[in-house]
Amino acid sequence: MEESTSWSITNIGRVVLQWYCLTWLSVVNAALGMLVASIFRLLFWIYDIIGSVILAVLFKFPAEKNPLPPIGNRKFLRQSVTEIADQIRRREITSEEVVRAFIGRIEEVNNQITALVDERFDLAIEEARKVDKLIQSGEYDETELQDKFPLLGVPFTIKDSFCVAGLKHTAGLHLRKEITAPQDADVVKSLKRVGAIPLGVTNVSELCMWWESVNTVYGRSKNPYDTRHITGGSSGGEGALQACAGSAFGVGSDIAGSIRMPSFFCGLFGHKPSTGLISNWGQVPETFGRLAELLTTGPMVRHARDMRLLLDVMLGDNIKKINKVPEMKQMRVLYMVHDGGSPLASPVNDEMQDCVRRCVQHLEYKYGVKPQKVNIIKLYHSLEIWAQTLCGAGAVPFCEELALKQGKVNPFLELIKFFFNASPHTFPAIVLGLVEKVAYVGTKLPRHQNMIEMGNSFVKEFQELMSDDAIFIYPSHPTAAPRHHEPWLAPADFSYCGIFNVLGVPVTQVPMGLGSKGLPIGVQVVGGINSDHLTIKVAEELEAAFGGWVPPS
């Protein structure tokens with residue numbers, strides 16, 4: 001009996017000691033983690049200051065922003081796609097009037113923002129006249145026109161990576177500057193089939209692989225809210241033009257945030273659809289296999305209600321795959337205000353975090369839902385997961401793409417030429433070519449496969465978390481639009497968007513007005529696979545609550 005009691009006391013003592021040790025180890029581990037994170041943040045802060053000083057010396061920015069001409073009382077430029085299409089069908093306005101109004105706006109602002117890079121204005125006016133004749137003929141009544149041609153007579157623009165028959169198709173690559181598209185991309189065909197009229201193509205980053213839209217063919221796109229700041233990329237020209245009301249709607253593509261980042265920086269609504277629903281055919285660079293799953297095509301607009309209309313047109317028969325929207329009161333709302341503190345990306349500033357909180361608070365107040373602050377640990381590894389997934393996706397090497405797949409560009413030679421102003425390539429493209437060389441070696445290391453496997457497991461885990469009744473509110477970017485060249489200092493900040501391309505889920509970018517510097521701010525609304533209509537529905541609610549697009553002048 002005494003032995004049994006002694007044994008029990010001994011075991012209890014061991015358990016208490018183990019608990020005590022584990023508790024202290026946890027405390028020490030947490031403290032070390034906080035210390036390391038603090039050191040990284042301090043180093044980042046010092047790096048940011050030094051980098052900003054160097055950029056200020058190298059590049060002279062105007063002391064004051066150069067405001068754009070105001071929209072004034074030209075009502076077409078402020079209206080939604082839905083309103084414009086309705087008025088054209090009802091013969092309250094003509095398509096020609098609308099097309100001319102948007103052409104006039106483009107000619108008014110384009111020199112300041114470098115957005116549109118090739119146009120078909122004369123053809124667009126001719127097509128608008130044909131639309132007006134069709135409506136006047138009475139061949140279809142108003143209901144038939146709406147069913148058959150929901151975008152009849154409505155003008156749009158699209159990024160230069162897409163084919164638009166007869167227009168330059170450069171994708172921002174100097175070697176493609178004389179290439180003209182022989183036919184339309186699939187998405188252009190879909191839009192024209194229901195009556196939309198293309199006006200032209202807009203500027204992109206070189207081969208769409210950087211998040212500032214600049215190239216050696218057309219130059220640098222500028223943010224309409226402050227032309228000293230970036231528009232984002234790679235659909236940056238489209239973002240700038242839409243913010244200025246240069247066309248009724250725009251079309252972008254997104255492999256790492258290329259719809260959402262320009263939409264965020266330029267105060268727009270943008271939608272990255274669920275993977276595999278909309279054809280990417282007719283884009284450069286071409287995608288196939290896993291790479292095609294990462295790339296999506298979607299709308300960029302000033303009014304939230306237009307996303308549903310445009311998405312459904314682009315989806316075609318795949319609209320049957322979209323989940324039904326649950327009752328908003330039954331919706332689950334999850335959120336995070338940053339990625340967990342990854343040292344590879346900039347810290348999310350207070351203004352961006354506050355955007356997330358305001359959205360969550362509004363949805364809680366409006367619908368009585370109980371928001372849940374989550375800690376999705378794998379978001380900490382967003383950059384690595386995206387980068388290793390892309391490296392393992394079987395893409396044509398970037399240095400071959402730069403050479404039109406006829407040999408390879410030597411990035412080391414191009415870097416030397418760049419410093420003598422003799423390279424036809426941009427600095428980010430050259431650096432990406434150099435990174436590709438290093439990344440090739442990295443694909444032979446165990447971490448490459450580990451990150452791909454982590455991404456694959458994350459896809460399943462995230463879908464289980466979201467199902468078809470949840471949204472996830474998340475920052476679009478750590479800050480509002482940086483100044484030109486500043487993305488060089490924080491190349492990984494796109495990871496707040498890029499991770500969702502790996503997950504294949506729908507994401508809607510929602511503007512939340514202007515921040516303290518007069519630049520747009522906003523959030524991403526993420527859904528489960530094929531819950532595109534739900535994220536758009538939430539965007540419409542947030543637009544009603546916070547105002548949506550704010551004209552830049």
# chains A, B, ... in the order shown; residues from 1 in each chain; ligands from 1
call {"tool": "closest_atom_pairs", "arguments": {"of": "region 133-224 of chain A", "to": "region 63-81 of chain A", "cutoff": "10 Å", "atoms": "only C-alpha atoms", "output": "CSV"}}
result
residue,atom,partner,partner_atom,distance
A:Pro150,CA,A:Val81,CA,9.7
A:Leu151,CA,A:Val81,CA,7.8
A:Val154,CA,A:Val81,CA,7.2
A:Pro155,CA,A:Val81,CA,9.1
A:Phe156,CA,A:Val81,CA,9.7
A:Pro224,CA,A:Leu68,CA,6.9
call {"tool": "residues_around", "arguments": {"residues": "region 242-244 of chain A", "least_positions_apart": "2", "cutoff": "9 Å", "atoms": "only C-alpha atoms", "output": "MDAnalysis selection string"}}
result
chainID A and resid 68 70:71 77 105:106 109 157 223:225 237:240 246:250 263 266:268 300:302 549:553
call {"tool": "write_last_selection", "arguments": {"atoms": "N, CA and C atoms", "output": "short mmCIF file (atom, residue, chain, number, x, y, z; two decimals), in the first residue's frame"}}
result
data_model
loop_
_atom_site.label_atom_id
_atom_site.label_comp_id
_atom_site.auth_asym_id
_atom_site.auth_seq_id
_atom_site.Cartn_x
_atom_site.Cartn_y
_atom_site.Cartn_z
N LEU A 68 -6.34 65.24 -62.51
CA LEU A 68 -6.93 64.96 -63.82
C LEU A 68 -8.14 65.87 -64.06
N PRO A 70 -11.86 66.87 -64.38
CA PRO A 70 -13.02 66.26 -63.73
C PRO A 70 -13.99 65.63 -64.72
N ILE A 71 -14.77 64.68 -64.25
CA ILE A 71 -15.79 64.04 -65.09
C ILE A 71 -16.90 65.02 -65.42
N LEU A 77 -20.56 58.63 -67.92
CA LEU A 77 -19.27 58.24 -67.35
C LEU A 77 -19.40 57.80 -65.89
N ARG A 105 -13.46 60.88 -73.14
CA ARG A 105 -12.83 60.82 -71.83
C ARG A 105 -11.42 60.23 -71.92
N ILE A 106 -11.26 59.20 -72.73
CA ILE A 106 -9.93 58.60 -72.92
C ILE A 106 -8.96 59.65 -73.47
N VAL A 109 -7.75 62.15 -70.73
CA VAL A 109 -6.91 61.76 -69.59
C VAL A 109 -5.71 60.90 -69.94
N THR A 157 -12.91 48.08 -72.49
CA THR A 157 -11.49 47.96 -72.80
C THR A 157 -10.94 46.72 -72.12
N ASN A 223 -1.21 56.35 -61.49
CA ASN A 223 -2.44 56.27 -60.70
C ASN A 223 -3.24 57.57 -60.84
N PRO A 224 -4.52 57.47 -61.21
CA PRO A 224 -5.34 58.68 -61.41
C PRO A 224 -5.52 59.51 -60.14
N TYR A 225 -5.42 58.88 -58.97
CA TYR A 225 -5.61 59.61 -57.71
C TYR A 225 -4.37 60.40 -57.32
N GLY A 237 -2.87 49.33 -66.52
CA GLY A 237 -3.46 50.29 -67.46
C GLY A 237 -4.97 50.25 -67.40
N GLU A 238 -5.51 49.04 -67.28
CA GLU A 238 -6.97 48.88 -67.18
C GLU A 238 -7.49 49.50 -65.89
N GLY A 239 -6.76 49.28 -64.80
CA GLY A 239 -7.17 49.87 -63.53
C GLY A 239 -7.23 51.38 -63.60
N ALA A 240 -6.19 51.99 -64.17
CA ALA A 240 -6.14 53.46 -64.28
C ALA A 240 -7.28 53.98 -65.14
N GLY A 246 -12.90 55.72 -68.22
CA GLY A 246 -12.50 55.73 -69.62
C GLY A 246 -13.23 54.73 -70.49
N SER A 247 -13.93 53.77 -69.88
CA SER A 247 -14.84 52.87 -70.61
C SER A 247 -15.86 52.36 -69.62
N ALA A 248 -16.90 51.73 -70.13
CA ALA A 248 -17.98 51.29 -69.23
C ALA A 248 -17.52 50.19 -68.29
N PHE A 249 -16.65 49.30 -68.78
CA PHE A 249 -16.07 48.26 -67.93
C PHE A 249 -14.78 47.76 -68.53
N GLY A 250 -14.02 47.05 -67.72
CA GLY A 250 -12.75 46.51 -68.18
C GLY A 250 -12.64 45.03 -67.93
N SER A 263 -7.16 46.93 -59.12
CA SER A 263 -8.48 47.36 -58.64
C SER A 263 -8.35 48.01 -57.26
N CYS A 266 -6.51 51.42 -57.53
CA CYS A 266 -7.26 52.42 -58.31
C CYS A 266 -8.72 52.54 -57.87
N GLY A 267 -9.08 51.97 -56.72
CA GLY A 267 -10.40 52.21 -56.14
C GLY A 267 -11.56 51.56 -56.85
N LEU A 268 -11.35 50.37 -57.42
CA LEU A 268 -12.36 49.68 -58.22
C LEU A 268 -12.84 48.39 -57.56
N MET A 300 -13.33 44.16 -64.23
CA MET A 300 -12.89 45.28 -63.40
C MET A 300 -13.86 46.43 -63.65
N VAL A 301 -14.53 46.89 -62.60
CA VAL A 301 -15.64 47.83 -62.78
C VAL A 301 -15.68 48.88 -61.66
N ARG A 302 -16.46 49.92 -61.89
CA ARG A 302 -16.64 50.96 -60.88
C ARG A 302 -17.84 50.69 -59.98
N TRP A 549 -16.70 53.15 -55.36
CA TRP A 549 -15.80 53.96 -56.19
C TRP A 549 -15.96 55.44 -55.90
N VAL A 550 -14.84 56.13 -55.79
CA VAL A 550 -14.83 57.59 -55.62
C VAL A 550 -14.10 58.18 -56.83
N PRO A 551 -14.75 59.04 -57.62
CA PRO A 551 -14.06 59.62 -58.79
C PRO A 551 -12.75 60.28 -58.38
N PRO A 552 -11.70 60.14 -59.20
CA PRO A 552 -10.37 60.62 -58.80
C PRO A 552 -10.15 62.11 -58.95
N SER A 553 -11.12 62.83 -59.47
CA SER A 553 -10.91 64.27 -59.66
C SER A 553 -12.18 65.03 -59.33
#
call {"tool": "closest_residue", "arguments": {"among": "A:Ala480, A:Ile179, A:Ile319, A:Leu390", "to": "Ser531 (chain A)", "atoms": "only C-alpha atoms"}}
result
A:Ile319
call {"tool": "residues_around", "arguments": {"residues": "Leu152 (chain A)", "least_positions_apart": "4", "cutoff": "7 Å", "atoms": "only C-alpha atoms", "output": "PyMOL selection string"}}
result
chain A and resi 85+194-196
call {"tool": "write_last_selection", "arguments": {"atoms": "N, CA and C atoms", "output": "PDB file, in the first residue's frame"}}
result
ATOM      1  N   ALA A  85     -26.748  50.019 -70.430  1.00  0.00           N
ATOM      2  CA  ALA A  85     -27.384  49.038 -71.328  1.00  0.00           C
ATOM      3  C   ALA A  85     -28.905  49.210 -71.337  1.00  0.00           C
ATOM      4  N   VAL A 194     -22.659  39.220 -77.082  1.00  0.00           N
ATOM      5  CA  VAL A 194     -23.842  39.778 -76.412  1.00  0.00           C
ATOM      6  C   VAL A 194     -23.918  41.290 -76.574  1.00  0.00           C
ATOM      7  N   GLY A 195     -23.168  41.819 -77.564  1.00  0.00           N
ATOM      8  CA  GLY A 195     -23.360  43.201 -77.970  1.00  0.00           C
ATOM      9  C   GLY A 195     -22.340  44.210 -77.495  1.00  0.00           C
ATOM     10  N   ALA A 196     -21.362  43.819 -76.673  1.00  0.00           N
ATOM     11  CA  ALA A 196     -20.374  44.776 -76.174  1.00  0.00           C
ATOM     12  C   ALA A 196     -19.418  45.192 -77.295  1.00  0.00           C
TER      13      ALA A 196
END
call {"tool": "select_by_dssp", "arguments": {"residues": "region 86-248 of chain A", "states": "strand (DSSP E or B)", "output": "mmCIF file with all heavy atoms, in the first residue's frame"}}
result
data_model
loop_
_atom_site.group_PDB
_atom_site.id
_atom_site.type_symbol
_atom_site.label_atom_id
_atom_site.label_comp_id
_atom_site.auth_asym_id
_atom_site.auth_seq_id
_atom_site.Cartn_x
_atom_site.Cartn_y
_atom_site.Cartn_z
ATOM 1 N N LEU A 116 -4.496 53.545 -72.061
ATOM 2 C CA LEU A 116 -4.817 52.912 -73.345
ATOM 3 C C LEU A 116 -3.598 52.946 -74.245
ATOM 4 O O LEU A 116 -2.956 53.991 -74.389
ATOM 5 C CB LEU A 116 -5.986 53.641 -74.019
ATOM 6 C CG LEU A 116 -6.661 52.846 -75.139
ATOM 7 C CD1 LEU A 116 -7.681 51.881 -74.547
ATOM 8 C CD2 LEU A 116 -7.331 53.765 -76.143
ATOM 9 N N VAL A 117 -3.266 51.826 -74.885
ATOM 10 C CA VAL A 117 -2.056 51.767 -75.708
ATOM 11 C C VAL A 117 -2.342 51.496 -77.179
ATOM 12 O O VAL A 117 -1.470 51.701 -78.025
ATOM 13 C CB VAL A 117 -1.062 50.720 -75.156
ATOM 14 C CG1 VAL A 117 -0.537 51.158 -73.797
ATOM 15 C CG2 VAL A 117 -1.679 49.335 -75.061
ATOM 16 N N ASP A 118 -3.523 51.031 -77.509
ATOM 17 C CA ASP A 118 -3.937 50.919 -78.909
ATOM 18 C C ASP A 118 -5.453 50.985 -78.954
ATOM 19 O O ASP A 118 -6.130 50.529 -78.018
ATOM 20 C CB ASP A 118 -3.435 49.622 -79.545
ATOM 21 C CG ASP A 118 -3.437 49.691 -81.078
ATOM 22 O OD1 ASP A 118 -3.630 50.804 -81.631
ATOM 23 O OD2 ASP A 118 -3.256 48.643 -81.731
ATOM 24 N N GLU A 119 -5.983 51.578 -80.037
ATOM 25 C CA GLU A 119 -7.425 51.828 -80.077
ATOM 26 C C GLU A 119 -8.027 51.446 -81.425
ATOM 27 O O GLU A 119 -7.330 51.297 -82.427
ATOM 28 C CB GLU A 119 -7.716 53.294 -79.758
ATOM 29 C CG GLU A 119 -6.867 54.303 -80.517
ATOM 30 C CD GLU A 119 -7.408 54.685 -81.883
ATOM 31 O OE1 GLU A 119 -8.520 54.236 -82.247
ATOM 32 O OE2 GLU A 119 -6.724 55.430 -82.602
ATOM 33 N N PRO A 155 -19.526 50.013 -74.457
ATOM 34 C CA PRO A 155 -18.096 49.942 -74.798
ATOM 35 C C PRO A 155 -17.238 49.447 -73.644
ATOM 36 O O PRO A 155 -17.518 49.723 -72.477
ATOM 37 C CB PRO A 155 -17.755 51.400 -75.127
ATOM 38 C CG PRO A 155 -18.707 52.204 -74.312
ATOM 39 C CD PRO A 155 -19.970 51.393 -74.188
ATOM 40 N N PHE A 156 -16.185 48.709 -73.957
ATOM 41 C CA PHE A 156 -15.271 48.205 -72.922
ATOM 42 C C PHE A 156 -13.840 48.240 -73.411
ATOM 43 O O PHE A 156 -13.572 48.412 -74.610
ATOM 44 C CB PHE A 156 -15.660 46.782 -72.510
ATOM 45 C CG PHE A 156 -15.328 45.712 -73.517
ATOM 46 C CD1 PHE A 156 -14.179 44.946 -73.396
ATOM 47 C CD2 PHE A 156 -16.179 45.446 -74.597
ATOM 48 C CE1 PHE A 156 -13.869 43.940 -74.316
ATOM 49 C CE2 PHE A 156 -15.894 44.438 -75.511
ATOM 50 C CZ PHE A 156 -14.727 43.697 -75.374
ATOM 51 N N THR A 157 -12.908 48.082 -72.488
ATOM 52 C CA THR A 157 -11.490 47.961 -72.800
ATOM 53 C C THR A 157 -10.943 46.718 -72.116
ATOM 54 O O THR A 157 -11.566 46.161 -71.209
ATOM 55 C CB THR A 157 -10.710 49.210 -72.321
ATOM 56 O OG1 THR A 157 -11.141 49.555 -71.013
ATOM 57 C CG2 THR A 157 -10.940 50.386 -73.261
ATOM 58 N N ILE A 158 -9.757 46.291 -72.536
ATOM 59 C CA ILE A 158 -9.194 45.033 -72.045
ATOM 60 C C ILE A 158 -7.674 45.131 -72.071
ATOM 61 O O ILE A 158 -7.101 45.845 -72.905
ATOM 62 C CB ILE A 158 -9.708 43.860 -72.915
ATOM 63 C CG1 ILE A 158 -9.301 42.502 -72.336
ATOM 64 C CG2 ILE A 158 -9.249 44.001 -74.360
ATOM 65 C CD1 ILE A 158 -10.017 41.315 -73.023
ATOM 66 N N LYS A 159 -7.007 44.432 -71.173
ATOM 67 C CA LYS A 159 -5.549 44.535 -71.090
ATOM 68 C C LYS A 159 -4.859 43.969 -72.321
ATOM 69 O O LYS A 159 -5.381 43.063 -72.992
ATOM 70 C CB LYS A 159 -5.038 43.861 -69.808
ATOM 71 C CG LYS A 159 -5.158 42.357 -69.788
ATOM 72 C CD LYS A 159 -4.863 41.772 -68.405
ATOM 73 C CE LYS A 159 -3.412 41.825 -68.036
ATOM 74 N NZ LYS A 159 -3.132 41.056 -66.782
ATOM 75 N N PHE A 162 -4.431 40.267 -73.919
ATOM 76 C CA PHE A 162 -5.486 39.565 -74.656
ATOM 77 C C PHE A 162 -5.471 39.954 -76.131
ATOM 78 O O PHE A 162 -5.205 41.114 -76.475
ATOM 79 C CB PHE A 162 -6.868 39.929 -74.106
ATOM 80 C CG PHE A 162 -7.193 39.352 -72.761
ATOM 81 C CD1 PHE A 162 -6.888 40.043 -71.604
ATOM 82 C CD2 PHE A 162 -7.828 38.122 -72.648
ATOM 83 C CE1 PHE A 162 -7.204 39.532 -70.350
ATOM 84 C CE2 PHE A 162 -8.142 37.592 -71.398
ATOM 85 C CZ PHE A 162 -7.832 38.299 -70.253
ATOM 86 N N LYS A 168 -2.668 45.955 -81.685
ATOM 87 C CA LYS A 168 -1.355 45.489 -81.252
ATOM 88 C C LYS A 168 -1.529 44.535 -80.073
ATOM 89 O O LYS A 168 -2.373 44.736 -79.211
ATOM 90 C CB LYS A 168 -0.476 46.675 -80.853
ATOM 91 C CG LYS A 168 -0.042 47.541 -82.024
ATOM 92 C CD LYS A 168 0.925 46.786 -82.917
ATOM 93 C CE LYS A 168 1.324 47.592 -84.147
ATOM 94 N NZ LYS A 168 2.056 48.821 -83.792
ATOM 95 N N THR A 180 0.413 42.166 -84.360
ATOM 96 C CA THR A 180 -1.013 42.510 -84.343
ATOM 97 C C THR A 180 -1.824 41.233 -84.173
ATOM 98 O O THR A 180 -1.519 40.205 -84.791
ATOM 99 C CB THR A 180 -1.421 43.206 -85.655
ATOM 100 O OG1 THR A 180 -0.675 44.419 -85.778
ATOM 101 C CG2 THR A 180 -2.899 43.540 -85.669
ATOM 102 N N ILE A 197 -18.886 46.396 -77.175
ATOM 103 C CA ILE A 197 -18.042 46.979 -78.232
ATOM 104 C C ILE A 197 -16.661 47.305 -77.666
ATOM 105 O O ILE A 197 -16.528 48.162 -76.780
ATOM 106 C CB ILE A 197 -18.683 48.270 -78.780
ATOM 107 C CG1 ILE A 197 -20.041 47.966 -79.404
ATOM 108 C CG2 ILE A 197 -17.763 48.941 -79.796
ATOM 109 C CD1 ILE A 197 -20.820 49.195 -79.831
ATOM 110 N N PRO A 198 -15.599 46.646 -78.139
ATOM 111 C CA PRO A 198 -14.246 46.959 -77.644
ATOM 112 C C PRO A 198 -13.744 48.295 -78.193
ATOM 113 O O PRO A 198 -13.896 48.583 -79.379
ATOM 114 C CB PRO A 198 -13.398 45.795 -78.151
ATOM 115 C CG PRO A 198 -14.149 45.217 -79.316
ATOM 116 C CD PRO A 198 -15.598 45.498 -79.076
ATOM 117 N N LEU A 199 -13.141 49.090 -77.303
ATOM 118 C CA LEU A 199 -12.564 50.376 -77.701
ATOM 119 C C LEU A 199 -11.060 50.282 -77.919
ATOM 120 O O LEU A 199 -10.505 51.000 -78.752
ATOM 121 C CB LEU A 199 -12.830 51.430 -76.621
ATOM 122 C CG LEU A 199 -14.278 51.840 -76.361
ATOM 123 C CD1 LEU A 199 -14.328 52.875 -75.249
ATOM 124 C CD2 LEU A 199 -14.915 52.392 -77.627
ATOM 125 N N GLY A 200 -10.388 49.427 -77.129
ATOM 126 C CA GLY A 200 -8.943 49.333 -77.257
ATOM 127 C C GLY A 200 -8.350 48.449 -76.189
ATOM 128 O O GLY A 200 -9.064 47.812 -75.413
ATOM 129 N N VAL A 201 -7.004 48.425 -76.165
ATOM 130 C CA VAL A 201 -6.273 47.599 -75.193
ATOM 131 C C VAL A 201 -5.436 48.497 -74.297
ATOM 132 O O VAL A 201 -5.022 49.590 -74.689
ATOM 133 C CB VAL A 201 -5.394 46.544 -75.885
ATOM 134 C CG1 VAL A 201 -6.249 45.496 -76.574
ATOM 135 C CG2 VAL A 201 -4.434 47.185 -76.881
ATOM 136 N N THR A 202 -5.162 48.004 -73.081
ATOM 137 C CA THR A 202 -4.523 48.837 -72.066
ATOM 138 C C THR A 202 -3.185 48.273 -71.600
ATOM 139 O O THR A 202 -2.892 47.098 -71.761
ATOM 140 C CB THR A 202 -5.466 48.993 -70.855
ATOM 141 O OG1 THR A 202 -5.938 47.704 -70.444
ATOM 142 C CG2 THR A 202 -6.663 49.869 -71.208
ATOM 143 N N VAL A 214 4.644 48.779 -66.198
ATOM 144 C CA VAL A 214 5.636 49.550 -66.933
ATOM 145 C C VAL A 214 6.327 48.615 -67.907
ATOM 146 O O VAL A 214 6.561 47.441 -67.615
ATOM 147 C CB VAL A 214 6.662 50.200 -65.966
ATOM 148 C CG1 VAL A 214 7.345 49.149 -65.099
ATOM 149 C CG2 VAL A 214 7.686 51.022 -66.720
ATOM 150 N N ASN A 215 6.636 49.122 -69.086
ATOM 151 C CA ASN A 215 7.369 48.346 -70.086
ATOM 152 C C ASN A 215 8.107 49.307 -71.000
ATOM 153 O O ASN A 215 7.922 50.529 -70.921
ATOM 154 C CB ASN A 215 6.425 47.421 -70.872
ATOM 155 C CG ASN A 215 5.298 48.201 -71.536
ATOM 156 O OD1 ASN A 215 5.537 49.017 -72.420
ATOM 157 N ND2 ASN A 215 4.067 47.962 -71.099
ATOM 158 N N GLY A 219 5.740 52.531 -71.894
ATOM 159 C CA GLY A 219 6.071 53.342 -70.736
ATOM 160 C C GLY A 219 5.331 52.916 -69.481
ATOM 161 O O GLY A 219 4.884 51.780 -69.353
ATOM 162 N N ARG A 220 5.139 53.868 -68.572
ATOM 163 C CA ARG A 220 4.660 53.595 -67.230
ATOM 164 C C ARG A 220 3.250 54.140 -67.023
ATOM 165 O O ARG A 220 2.980 55.320 -67.276
ATOM 166 C CB ARG A 220 5.597 54.252 -66.210
ATOM 167 C CG ARG A 220 5.330 53.898 -64.766
ATOM 168 C CD ARG A 220 6.324 54.650 -63.850
ATOM 169 N NE ARG A 220 7.696 54.438 -64.257
ATOM 170 C CZ ARG A 220 8.439 53.396 -63.889
ATOM 171 N NH1 ARG A 220 7.930 52.485 -63.081
ATOM 172 N NH2 ARG A 220 9.681 53.271 -64.312
ATOM 173 N N HIS A 229 2.105 57.794 -58.028
ATOM 174 C CA HIS A 229 1.949 56.461 -57.458
ATOM 175 C C HIS A 229 1.600 55.435 -58.538
ATOM 176 O O HIS A 229 1.128 55.776 -59.621
ATOM 177 C CB HIS A 229 0.866 56.480 -56.380
ATOM 178 C CG HIS A 229 1.262 57.242 -55.156
ATOM 179 N ND1 HIS A 229 1.573 56.622 -53.967
ATOM 180 C CD2 HIS A 229 1.427 58.560 -54.943
ATOM 181 C CE1 HIS A 229 1.898 57.540 -53.070
ATOM 182 N NE2 HIS A 229 1.812 58.726 -53.638
#
call {"tool": "residues_around", "arguments": {"residues": "Cys391 (chain A)", "least_positions_apart": "5", "cutoff": "8 Å", "atoms": "only C-alpha atoms", "output": "ChimeraX atom specification"}}
result
/A:439-440,443
call {"tool": "residues_around", "arguments": {"residues": "Ala128 (chain A)", "least_positions_apart": "2", "cutoff": "12 Å", "atoms": "only C-alpha atoms", "output": "count of residues only"}}
result
32
call {"tool": "residues_around", "arguments": {"residues": "Val284 (chain A)", "least_positions_apart": "5", "cutoff": "8 Å", "atoms": "only C-alpha atoms", "output": "PyMOL selection string"}}
result
chain A and resi 161-162+171+207
call {"tool": "closest_residue", "arguments": {"among": "A:Glu541, A:Thr275, A:Ala165, A:Ala395", "to": "Gly289 (chain A)", "atoms": "only C-alpha atoms"}}
result
A:Ala395
call {"tool": "atom_distance", "arguments": {"atom1": "CA of Ala304 (chain A)", "atom2": "CA of Val337 (chain A)"}}
result
23.1 Å
call {"tool": "residues_around", "arguments": {"residues": "Trp211 (chain A)", "least_positions_apart": "2", "cutoff": "8 Å", "atoms": "only C-alpha atoms", "output": "number ranges by chain"}}
result
A: 205, 209, 213, 232-234, 258, 261, 487, 494
call {"tool": "closest_atom_pairs", "arguments": {"of": "region 301-344 of chain A", "to": "region 517-524 of chain A", "cutoff": "12 Å", "atoms": "only C-alpha atoms", "output": "tab-separated table"}}
result
residue	atom	partner	partner_atom	distance
A:Leu334	CA	A:Gln524	CA	11.9
A:Tyr335	CA	A:Gln524	CA	10.2
A:Met336	CA	A:Gln524	CA	10.8
A:Val337	CA	A:Val523	CA	9.9
A:His338	CA	A:Val523	CA	11.4
call {"tool": "write_last_selection", "arguments": {"atoms": "N, CA, C and O atoms", "output": "mmCIF file, in the first residue's frame"}}
result
data_model
loop_
_atom_site.group_PDB
_atom_site.id
_atom_site.type_symbol
_atom_site.label_atom_id
_atom_site.label_comp_id
_atom_site.auth_asym_id
_atom_site.auth_seq_id
_atom_site.Cartn_x
_atom_site.Cartn_y
_atom_site.Cartn_z
ATOM 1 N N LEU A 334 -15.475 35.059 -41.595
ATOM 2 C CA LEU A 334 -14.153 34.824 -41.027
ATOM 3 C C LEU A 334 -13.248 35.981 -41.436
ATOM 4 O O LEU A 334 -13.461 36.597 -42.483
ATOM 5 N N TYR A 335 -12.238 36.265 -40.642
ATOM 6 C CA TYR A 335 -11.342 37.356 -41.033
ATOM 7 C C TYR A 335 -9.978 37.243 -40.368
ATOM 8 O O TYR A 335 -9.811 36.598 -39.333
ATOM 9 N N MET A 336 -8.996 37.865 -41.022
ATOM 10 C CA MET A 336 -7.657 38.088 -40.470
ATOM 11 C C MET A 336 -7.216 39.481 -40.890
ATOM 12 O O MET A 336 -7.587 39.938 -41.981
ATOM 13 N N VAL A 337 -6.418 40.132 -40.062
ATOM 14 C CA VAL A 337 -5.976 41.487 -40.396
ATOM 15 C C VAL A 337 -4.555 41.505 -40.957
ATOM 16 O O VAL A 337 -4.074 42.550 -41.400
ATOM 17 N N HIS A 338 -3.862 40.374 -40.952
ATOM 18 C CA HIS A 338 -2.553 40.242 -41.589
ATOM 19 C C HIS A 338 -2.251 38.758 -41.751
ATOM 20 O O HIS A 338 -3.044 37.894 -41.345
#
call {"tool": "atom_distance", "arguments": {"atom1": "CA of Phe265 (chain A)", "atom2": "CA of Thr231 (chain A)"}}
result
5.8 Å
call {"tool": "closest_residue", "arguments": {"among": "A:Phe288, A:Phe264, A:Tyr140, A:Phe398", "to": "Cys208 (chain A)", "atoms": "only C-alpha atoms"}}
result
A:Phe398
call {"tool": "atom_distance", "arguments": {"atom1": "CA of Phe427 (chain A)", "atom2": "CA of His477 (chain A)"}}
result
22.4 Å
call {"tool": "select_by_dssp", "arguments": {"residues": "region 453-517 of chain A", "states": "helix (DSSP H, G or I)", "output": "PyMOL selection string"}}
result
chain A and resi 453-466+486-489+491-503
